[in-house]
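Colleague: Just one file: run_28.cif, with mmCIF, C-alpha atoms.
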data_model
loop_
_atom_site.label_atom_id
_atom_site.label_comp_id
_atom_site.auth_asym_id
_atom_site.auth_seq_id
_atom_site.Cartn_x
_atom_site.Cartn_y
_atom_site.Cartn_z
CA MET A 1 -16.46 -20.35 -44.73
CA LYS A 2 -12.95 -18.98 -44.26
CA THR A 3 -13.09 -19.86 -40.54
CA LYS A 4 -14.09 -23.42 -41.40
CA ILE A 5 -11.10 -23.84 -43.75
CA ILE A 6 -8.71 -22.45 -41.14
CA PHE A 7 -10.20 -24.83 -38.57
CA ILE A 8 -9.70 -27.83 -40.87
CA ILE A 9 -6.13 -26.77 -41.68
CA ASN A 10 -5.35 -26.47 -37.97
CA ILE A 11 -6.75 -29.94 -37.28
CA LEU A 12 -4.67 -31.44 -40.10
CA LEU A 13 -1.58 -29.60 -38.92
CA PHE A 14 -2.07 -30.77 -35.34
CA ALA A 15 -2.64 -34.37 -36.46
CA SER A 16 0.49 -34.41 -38.60
CA MET A 17 2.59 -32.90 -35.77
CA SER A 18 1.31 -35.57 -33.37
CA PHE A 19 2.24 -38.28 -35.86
CA ILE A 20 5.76 -36.87 -36.26
CA ALA A 21 6.20 -36.59 -32.48
CA GLN A 22 5.12 -40.20 -31.98
CA ASN A 23 7.49 -41.45 -34.65
CA SER A 24 10.45 -39.58 -33.18
CA LYS A 25 9.81 -41.32 -29.85
CA SER A 26 9.42 -44.80 -31.34
CA VAL A 27 11.63 -47.66 -30.28
CA ILE A 28 12.51 -50.94 -31.93
CA THR A 29 13.12 -54.27 -30.22
CA GLN A 30 15.44 -56.57 -32.11
CA THR A 31 17.49 -59.69 -31.47
CA LEU A 32 21.11 -60.26 -32.43
CA ASN A 33 23.16 -63.44 -32.29
CA VAL A 34 26.14 -62.55 -30.10
CA ARG A 35 28.80 -65.13 -29.27
CA GLY A 36 30.06 -65.51 -25.72
CA ASN A 37 30.52 -68.03 -22.93
CA CYS A 38 30.04 -66.79 -19.41
CA GLY A 39 28.87 -64.17 -16.95
CA GLN A 40 31.82 -61.94 -17.80
CA CYS A 41 30.74 -62.05 -21.43
CA LYS A 42 27.19 -61.10 -20.43
CA GLU A 43 28.46 -58.13 -18.43
CA ARG A 44 30.80 -57.01 -21.22
CA ILE A 45 28.19 -57.32 -23.98
CA GLU A 46 25.44 -55.54 -22.04
CA SER A 47 27.85 -52.81 -20.88
CA ALA A 48 29.02 -52.21 -24.45
CA VAL A 49 25.50 -51.28 -25.50
CA ASP A 50 24.63 -49.31 -22.36
CA VAL A 51 24.67 -46.07 -24.35
CA LYS A 52 22.36 -43.21 -25.25
CA GLY A 53 19.48 -44.46 -27.37
CA VAL A 54 19.48 -48.01 -25.99
CA LYS A 55 16.57 -48.54 -23.64
CA TYR A 56 17.04 -52.24 -22.82
CA ALA A 57 19.62 -54.93 -23.52
CA GLU A 58 19.82 -58.47 -22.21
CA TRP A 59 22.13 -61.21 -23.46
CA ASN A 60 21.18 -64.84 -22.86
CA LYS A 61 24.19 -67.13 -22.40
CA LYS A 62 22.27 -70.29 -23.26
CA THR A 63 20.72 -69.03 -26.52
CA GLN A 64 23.56 -66.63 -27.43
CA VAL A 65 20.92 -63.99 -28.22
CA LEU A 66 20.97 -60.31 -27.30
CA THR A 67 17.54 -58.75 -27.07
CA ILE A 68 17.84 -55.01 -27.49
CA THR A 69 15.35 -52.16 -27.49
CA TYR A 70 16.64 -48.91 -28.93
CA LYS A 71 15.66 -45.62 -30.52
CA PRO A 72 16.75 -45.66 -34.17
CA SER A 73 16.51 -41.86 -34.21
CA VAL A 74 19.42 -41.83 -31.72
CA ILE A 75 21.50 -44.93 -32.56
CA SER A 76 21.50 -47.35 -35.49
CA ILE A 77 21.65 -51.13 -35.31
CA ASP A 78 25.00 -50.97 -37.15
CA GLU A 79 26.40 -48.68 -34.42
CA ILE A 80 25.17 -51.14 -31.80
CA LYS A 81 26.82 -54.06 -33.60
CA THR A 82 30.08 -52.09 -33.84
CA LYS A 83 30.06 -51.46 -30.09
CA ILE A 84 29.76 -55.21 -29.46
CA LEU A 85 32.45 -56.05 -32.01
CA ASN A 86 34.75 -53.48 -30.38
CA VAL A 87 34.70 -55.43 -27.09
CA GLY A 88 35.61 -58.72 -28.81
CA HIS A 89 32.32 -60.50 -29.43
CA ASP A 90 31.10 -61.73 -32.80
CA VAL A 91 27.66 -60.45 -33.88
CA ASP A 92 25.51 -62.32 -36.38
CA THR A 93 27.85 -62.96 -39.33
CA LEU A 94 30.33 -60.24 -38.31
CA LYS A 95 33.58 -61.26 -36.67
CA ALA A 96 35.28 -59.12 -34.02
CA ASN A 97 38.84 -58.05 -34.75
CA ASP A 98 41.27 -60.84 -33.78
CA SER A 99 43.48 -58.47 -31.76
CA VAL A 100 40.48 -57.48 -29.59
CA TYR A 101 39.22 -61.06 -29.32
CA ASP A 102 42.66 -62.29 -28.25
CA LYS A 103 42.58 -59.90 -25.27
CA LEU A 104 39.44 -61.55 -23.85
CA PRO A 105 39.94 -63.70 -20.72
CA ASP A 106 40.39 -67.39 -21.57
CA CYS A 107 36.94 -68.27 -20.20
CA CYS A 108 35.40 -65.81 -22.68
CA LYS A 109 37.03 -67.17 -25.83
CA PHE A 110 34.28 -68.80 -27.81
CA ARG A 111 35.56 -69.40 -31.33
CA HIS A 112 37.13 -72.81 -30.82
CA VAL A 113 35.16 -74.10 -27.86
CA LYS A 114 31.54 -74.82 -27.11
CA PRO A 115 29.83 -72.38 -24.72
CA HIS A 116 29.87 -73.51 -21.08
#
When written as structure tokens, how does the structure in this file appear?
Modeller:
Amino acid sequence: MKTKIIFIINILLFASMSFIAQNSKSVITQTLNVRGNCGQCKERIESAVDVKGVKYAEWNKKTQVLTITYKPSVISIDEIKTKILNVGHDVDTLKANDSVYDKLPDCCKFRHVKPH
């Protein structure tokens, strides 16, 4: 009887450890609206999020959408947004600092022109 209880406890322990291990390896794919205009913008945006914890990032110039796959156990979506804002691009409803935006090349300035 005692052996049976120990066996059941071991199975439960193993199952819970497997569940925790799977969750720590989980990734999330999410989309963000990121403003930009050109190929330089694409390179800048994707480079800004080329960091530990981000598995995939692709910005689409036409749709103005960044598709990003990341590990939330390593980096948060707010940290990702901050990295994009820090290179001068607006994200969702967040606006990049004007002093950073003003340093973008003219072809990359998107606030008062339509994307090309």
Colleague: What is the atom CA of Cys108 of chain A to atom CA of Gln40 of chain A distance in Å?
Modeller: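 Computing the Euclidean distance for atom CA of Cys108 of chain A and atom CA of Gln40 of chain A yields 7.2 Å.
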Colleague: Counting all atoms listed in the file, what is within 9 Å of Phe110 of chain A, bar same-chain residues fewer than 5 positions away, as a PyMOL selection string?
Modeller: chain A and resi 35-37+89+115
Colleague: Give me the residues within 12 Å of Thr93 of chain A as a list in words, counting only C-alpha atoms and dropping any in the same chain fewer than 5 places off.
Modeller: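 The residues satisfying every condition are Leu32, Asn33, Val34, Arg35, Lys81 and Leu85 of chain A.
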Colleague: Which of these residues is nearest to Lys55 of chain A, using only C-alpha atoms: A:Ile28, A:Cys41, A:Cys107, A:Ile77?
Modeller: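 Once distances to Lys55 of chain A are computed over only C-alpha atoms, the minimum belongs to A:Ile28.
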Colleague: Would you work out the distance separating atom CA of Lys83 of chain A from atom CA of Ala96 of chain A, expressed in Å to one decimal?
Modeller: 10.1 Å
Colleague: Given the choices A:Val51, A:Leu104, A:Ile45, A:Leu94, which gets closest to Thr67 of chain A if the distance is worked out from all atoms listed in the file?
Modeller: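 Closest to Thr67 of chain A, using all atoms listed in the file: A:Ile45.
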Colleague: What does the structure give for the distance between atom CA of Ser47 of chain A and atom CA of Ile84 of chain A, in Å to one decimal?
Modeller: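 Between atom CA of Ser47 of chain A and atom CA of Ile84 of chain A the gap works out to 9.1 Å.
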Colleague: Compare A:Val91, A:Ile80, A:Cys38, A:Leu66 by their minimum atom-to-atom distance to Val54 of chain A, counting all atoms listed in the file, and give me the closest one.
Modeller: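 Smallest distance to Val54 of chain A is found for A:Ile80.
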Colleague: For Ile75 of chain A, which residue out of A:Ser99, A:Asp106, A:Val27, A:Ala57 is the nearest one, using all atoms listed in the file?
Modeller: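 Ranked by minimum distance to Ile75 of chain A, first place goes to A:Val27.
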Colleague: Pick the closest to Lys62 of chain A from A:Lys42, A:Asp92, A:Val74, A:Ala48: which is it, counting all atoms listed in the file?
Modeller: A:Lys42
Colleague: Under the rule that only C-alpha atoms are counted, which of A:Glu43, A:Glu58, A:Asp102, A:Asp50 is the nearest residue to Gly88 of chain A?
Modeller: A:Asp102
Colleague: Emit as JSON the padded axis-aligned box for all listed atoms of segment 70-85 of chain A, 4 Å per side, with centre and edge lengths in Å to one decimal.
Modeller:
{"center_x": 24.1, "center_y": -48.9, "center_z": -33.0, "size_x": 24.8, "size_y": 22.2, "size_z": 16.2}
